[in-house]
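The file coords21.cif comes next; it holds mmCIF, C-alpha atoms.
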data_target
#
loop_
_atom_site.label_atom_id
_atom_site.label_comp_id
_atom_site.auth_asym_id
_atom_site.auth_seq_id
_atom_site.Cartn_x
_atom_site.Cartn_y
_atom_site.Cartn_z
CA MET K 1 73.03 -145.13 48.49
CA GLU K 2 71.98 -142.97 45.46
CA LEU K 3 69.65 -140.29 46.83
CA PHE K 4 68.67 -138.82 43.45
CA GLY K 5 64.94 -139.47 43.14
CA LYS K 6 64.65 -139.99 46.90
CA CYS K 7 65.91 -136.82 48.64
CA PRO K 8 64.37 -133.54 47.31
CA PHE K 9 67.59 -131.59 48.03
CA VAL K 10 69.93 -134.08 46.33
CA THR K 11 67.53 -134.39 43.40
CA THR K 12 67.16 -130.64 42.90
CA GLN K 13 70.89 -129.99 43.38
CA LYS K 14 71.69 -132.47 40.61
CA LEU K 15 69.05 -131.07 38.24
CA ILE K 16 70.19 -127.45 38.63
CA SER K 17 73.94 -128.01 39.02
CA GLY K 18 76.18 -126.50 36.39
CA LYS K 19 76.40 -122.92 35.24
CA TRP K 20 73.20 -122.56 33.21
CA ALA K 21 70.22 -124.60 34.46
CA ILE K 22 68.68 -121.96 36.74
CA LEU K 23 69.16 -119.29 34.08
CA ILE K 24 67.55 -121.40 31.34
CA LEU K 25 64.58 -122.23 33.59
CA HIS K 26 64.32 -118.51 34.41
CA HIS K 27 64.37 -117.42 30.75
CA LEU K 28 61.75 -120.06 29.83
CA ASP K 29 59.59 -119.20 32.86
CA GLY K 30 56.10 -118.74 31.41
CA GLN K 31 57.55 -118.31 27.90
CA THR K 32 58.20 -120.25 24.68
CA LYS K 33 61.50 -119.53 23.00
CA ARG K 34 63.66 -120.62 20.10
CA PHE K 35 67.28 -121.68 20.44
CA GLY K 36 68.62 -118.42 19.03
CA GLN K 37 66.53 -116.32 21.44
CA LEU K 38 67.72 -118.36 24.42
CA GLN K 39 71.32 -118.02 23.29
CA ARG K 40 70.95 -114.24 23.09
CA ASP K 41 69.23 -114.13 26.50
CA LEU K 42 72.06 -116.10 28.11
CA GLY K 43 74.82 -114.06 26.49
CA GLU K 44 78.09 -115.90 26.97
CA ILE K 45 76.94 -119.47 26.28
CA THR K 46 78.31 -121.51 23.38
CA GLN K 47 75.98 -123.31 20.95
CA SER K 48 77.25 -126.74 22.01
CA THR K 49 76.89 -125.98 25.74
CA LEU K 50 73.34 -124.71 25.26
CA THR K 51 72.49 -127.75 23.11
CA LYS K 52 73.84 -130.15 25.78
CA GLN K 53 72.14 -128.31 28.64
CA LEU K 54 68.77 -128.17 26.85
CA ARG K 55 69.00 -131.89 26.02
CA TYR K 56 69.78 -132.65 29.69
CA LEU K 57 66.80 -130.61 30.95
CA GLU K 58 64.62 -132.30 28.30
CA ASP K 59 65.82 -135.78 29.31
CA GLU K 60 65.04 -134.97 32.96
CA GLY K 61 61.51 -133.87 32.04
CA LEU K 62 61.84 -130.13 32.81
CA ILE K 63 61.49 -128.76 29.26
CA THR K 64 59.98 -129.86 25.97
CA ARG K 65 61.38 -129.34 22.50
CA THR K 66 58.84 -128.98 19.67
CA VAL K 67 59.92 -129.16 16.01
CA TYR K 68 57.52 -127.66 13.47
CA PRO K 69 57.81 -129.22 9.97
CA GLU K 70 58.55 -125.97 8.13
CA VAL K 71 61.44 -125.06 5.86
CA PRO K 72 63.70 -124.43 7.66
CA PRO K 73 62.23 -126.38 10.62
CA ARG K 74 61.12 -124.22 13.53
CA VAL K 75 62.25 -125.50 16.99
CA GLU K 76 60.68 -124.17 20.16
CA TYR K 77 61.45 -124.80 23.83
CA ARG K 78 59.05 -124.46 26.76
CA LEU K 79 58.79 -125.72 30.34
CA THR K 80 56.85 -128.87 31.17
CA ALA K 81 54.28 -128.76 33.99
CA ILE K 82 56.87 -129.72 36.62
CA GLY K 83 59.33 -127.35 34.94
CA GLN K 84 56.81 -124.53 35.31
CA GLU K 85 56.36 -125.40 39.01
CA PHE K 86 60.06 -124.52 39.51
CA HIS K 87 58.78 -120.92 39.35
CA ALA K 88 58.27 -120.99 43.15
CA VAL K 89 62.00 -121.72 43.63
CA LEU K 90 62.95 -119.04 41.09
CA GLU K 91 60.85 -116.50 43.00
CA GLN K 92 62.76 -117.16 46.22
CA ILE K 93 66.08 -117.21 44.35
CA GLU K 94 65.29 -113.74 42.99
CA VAL K 95 64.44 -112.41 46.47
CA TRP K 96 67.44 -114.03 48.15
CA GLY K 97 69.86 -113.21 45.35
CA GLY K 98 68.82 -109.57 45.57
CA LYS K 99 69.42 -109.53 49.36
CA TYR K 100 72.80 -111.22 48.88
CA ILE K 101 73.86 -108.62 46.31
CA ARG K 102 72.85 -105.73 48.60
CA THR K 103 74.56 -107.36 51.62
CA HIS K 104 77.71 -107.96 49.61
CA LYS K 105 77.80 -104.37 48.31
CA GLU K 106 77.48 -102.94 51.84
CA GLY K 107 80.19 -105.33 53.09
CA ASN K 108 82.76 -104.37 50.41
CA MET L 1 79.53 -108.23 31.13
CA GLU L 2 79.97 -110.13 34.46
CA LEU L 3 76.48 -110.39 36.01
CA PHE L 4 77.65 -111.94 39.29
CA GLY L 5 76.72 -109.39 41.93
CA LYS L 6 74.25 -107.74 39.58
CA CYS L 7 71.69 -110.38 38.50
CA PRO L 8 70.11 -112.35 41.39
CA PHE L 9 69.78 -115.49 39.22
CA VAL L 10 73.37 -115.46 37.93
CA THR L 11 74.66 -114.68 41.42
CA THR L 12 72.68 -117.47 43.11
CA GLN L 13 73.47 -119.99 40.35
CA LYS L 14 77.20 -119.36 40.84
CA LEU L 15 76.98 -119.59 44.63
CA ILE L 16 75.09 -122.91 44.64
CA SER L 17 76.66 -124.53 41.58
CA GLY L 18 78.54 -127.76 42.09
CA LYS L 19 77.37 -130.93 43.74
CA TRP L 20 77.31 -129.95 47.42
CA ALA L 21 76.40 -126.29 48.14
CA ILE L 22 72.63 -126.77 48.53
CA LEU L 23 73.17 -129.84 50.68
CA ILE L 24 75.68 -128.09 52.97
CA LEU L 25 73.35 -125.09 53.39
CA HIS L 26 70.51 -127.55 54.12
CA HIS L 27 72.50 -129.46 56.75
CA LEU L 28 73.62 -126.18 58.43
CA ASP L 29 70.10 -124.72 58.26
CA GLY L 30 69.44 -123.47 61.80
CA GLN L 31 72.27 -125.64 63.15
CA THR L 32 75.94 -125.47 64.20
CA LYS L 33 78.07 -128.42 63.15
CA ARG L 34 81.61 -129.68 63.17
CA PHE L 35 83.46 -130.87 60.08
CA GLY L 36 83.09 -134.54 60.97
CA GLN L 37 79.34 -134.25 61.53
CA LEU L 38 78.89 -132.51 58.19
CA GLN L 39 80.97 -135.18 56.46
CA ARG L 40 78.74 -137.90 57.98
CA ASP L 41 75.56 -136.00 57.02
CA LEU L 42 76.72 -135.67 53.41
CA GLY L 43 77.82 -139.29 53.14
CA GLU L 44 79.87 -139.64 49.93
CA ILE L 45 81.94 -136.45 50.15
CA THR L 46 85.73 -136.55 50.46
CA GLN L 47 87.55 -134.53 53.13
CA SER L 48 89.30 -132.35 50.55
CA THR L 49 86.07 -131.65 48.63
CA LEU L 50 84.24 -130.69 51.82
CA THR L 51 87.17 -128.51 52.92
CA LYS L 52 87.22 -126.69 49.55
CA GLN L 53 83.43 -126.28 49.43
CA LEU L 54 83.27 -124.94 53.02
CA ARG L 55 86.11 -122.47 52.29
CA TYR L 56 84.25 -121.28 49.15
CA LEU L 57 80.98 -120.74 51.06
CA GLU L 58 82.95 -118.98 53.81
CA ASP L 59 84.73 -116.71 51.29
CA GLU L 60 81.36 -115.82 49.73
CA GLY L 61 79.93 -114.90 53.16
CA LEU L 62 77.37 -117.72 53.52
CA ILE L 63 78.96 -119.59 56.44
CA THR L 64 81.31 -118.82 59.32
CA ARG L 65 84.04 -121.03 60.70
CA THR L 66 84.80 -120.65 64.41
CA VAL L 67 87.93 -122.19 65.94
CA TYR L 68 87.90 -122.68 69.72
CA PRO L 69 91.39 -122.67 71.30
CA GLU L 70 91.10 -126.08 72.90
CA VAL L 71 93.33 -129.13 72.61
CA PRO L 72 92.64 -130.42 70.05
CA PRO L 73 91.09 -127.23 68.60
CA ARG L 74 87.30 -127.38 68.14
CA VAL L 75 86.07 -126.04 64.75
CA GLU L 76 82.42 -125.22 64.19
CA TYR L 77 80.50 -124.13 61.11
CA ARG L 78 77.25 -122.17 61.03
CA LEU L 79 75.34 -120.02 58.54
CA THR L 80 75.79 -116.25 58.47
CA ALA L 81 72.68 -114.06 58.50
CA ILE L 82 72.43 -114.04 54.70
CA GLY L 83 73.22 -117.76 54.72
CA GLN L 84 70.33 -118.35 57.09
CA GLU L 85 68.03 -116.36 54.78
CA PHE L 86 68.65 -119.01 52.10
CA HIS L 87 66.19 -121.07 54.15
CA ALA L 88 63.32 -119.62 52.05
CA VAL L 89 64.92 -121.06 48.89
CA LEU L 90 65.54 -124.40 50.62
CA GLU L 91 61.88 -124.58 51.63
CA GLN L 92 60.76 -124.23 47.99
CA ILE L 93 63.45 -126.66 46.85
CA GLU L 94 62.10 -129.24 49.29
CA VAL L 95 58.51 -128.75 48.05
CA TRP L 96 59.47 -128.74 44.36
CA GLY L 97 61.96 -131.60 44.69
CA GLY L 98 59.26 -133.72 46.33
CA LYS L 99 56.81 -132.98 43.50
CA TYR L 100 59.49 -133.79 40.91
CA ILE L 101 60.25 -137.13 42.58
CA ARG L 102 56.55 -138.08 42.66
CA THR L 103 56.05 -136.94 39.03
CA HIS L 104 59.11 -138.89 37.93
CA LYS L 105 57.97 -142.06 39.75
CA GLU L 106 54.53 -141.91 38.12
CA GLY L 107 56.15 -141.31 34.73
CA ASN L 108 58.54 -144.30 34.90
#
With the file now loaded, output its structure as structure tokens.
Amino acid sequence: MELFGKCPFVTTQKLISGKWAILILHHLDGQTKRFGQLQRDLGEITQSTLTKQLRYLEDEGLITRTVYPEVPPRVEYRLTAIGQEFHAVLEQIEVWGGKYIRTHKEGN
Amino acid sequence: MELFGKCPFVTTQKLISGKWAILILHHLDGQTKRFGQLQRDLGEITQSTLTKQLRYLEDEGLITRTVYPEVPPRVEYRLTAIGQEFHAVLEQIEVWGGKYIRTHKEGN
């Protein structure tokens, strides 16, 4: 039975699987950015990977893409309302990730 | 520059990327389980995928694998201390995932 859309864990896991979703949501957290800025923020991401990932997050309703009719056209990305609510997960990821890093450093 | 082990977001994203990590951490949350029980909990996971995923989480220090010298040997999995601390992320994932599901249902 497909649990996407039924189980919150399965649904979230699918939405943020892959190498970049959490990082994109983090870099758009409370901010509006253009493609070029996001690419610089993320460092080692290719243009095509970022394009695909942004389209996926847009299709799933987590970000919006606004094109301004200028020459050249200006394209901006921001989080939707539900995308912005992911902030609460990001906050705990930051806390836990920090603990994990400290634990791992002491262990090695 | 490799940010794994330096940035909490990059580190967490890598640890929970893939289709199963969040679900395994959820099903081991506060519980000790055998391989077969985990496989039943996760439903559509193959034995080799679960074996690989469990070994990865073990190598990264999130779960422990205990083998009891019985015949046949009994093997149990549980979260490490830092693995158990991931509970705070899981809690927010459950809340957010539930909101996303409701939002998505209203939208469709």
Interatomic distance (Å, one decimal) between atom CA of Leu54 of chain L and atom CA of Thr32 of chain L:
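If I compute the distance from atom CA of Leu54 of chain L to atom CA of Thr32 of chain L, I get 13.4 Å.
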Name the closest residue to Arg34 of chain K among the candidates K:Thr51, K:Tyr56, K:Leu15, K:Val10; distances are taken between atoms, counting all atoms listed in the file.
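Of K:Thr51, K:Tyr56, K:Leu15, K:Val10, the one nearest Arg34 of chain K is K:Thr51, counting all atoms listed in the file.
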With a cut-off of 6 Å and counting only C-alpha atoms, select all residues of chain L in contact with chain K and give the selection as a list in words.
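Applying the cut-off to the listed atoms yields Gly5, Pro8, Thr12, Ser17, Gly18, Val89, Gln92, Glu94, Gly97, Gly98 and Ile101 of chain L.
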If the PyMOL selection byres ((chain L and resi 28) around 9) is run on the structure shown, which residues does it catch, given as a PyMOL selection string?
chain L and resi 23-27+29-33+38+63+77-79+84
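With only C-alpha atoms as the atoms that count, the residue of L:Lys52, L:Thr80, L:Gln37, L:Leu3 with the shortest distance to Arg65 of chain L is L:Thr80.
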Would you work out the distance separating atom CA of Pro73 of chain L from atom CA of Phe35 of chain L, expressed in Å to one decimal?
12.0 Å
Please compute the atom CA of Gln53 of chain L-atom CA of Arg55 of chain K distance, one decimal, in Å.
28.1 Å
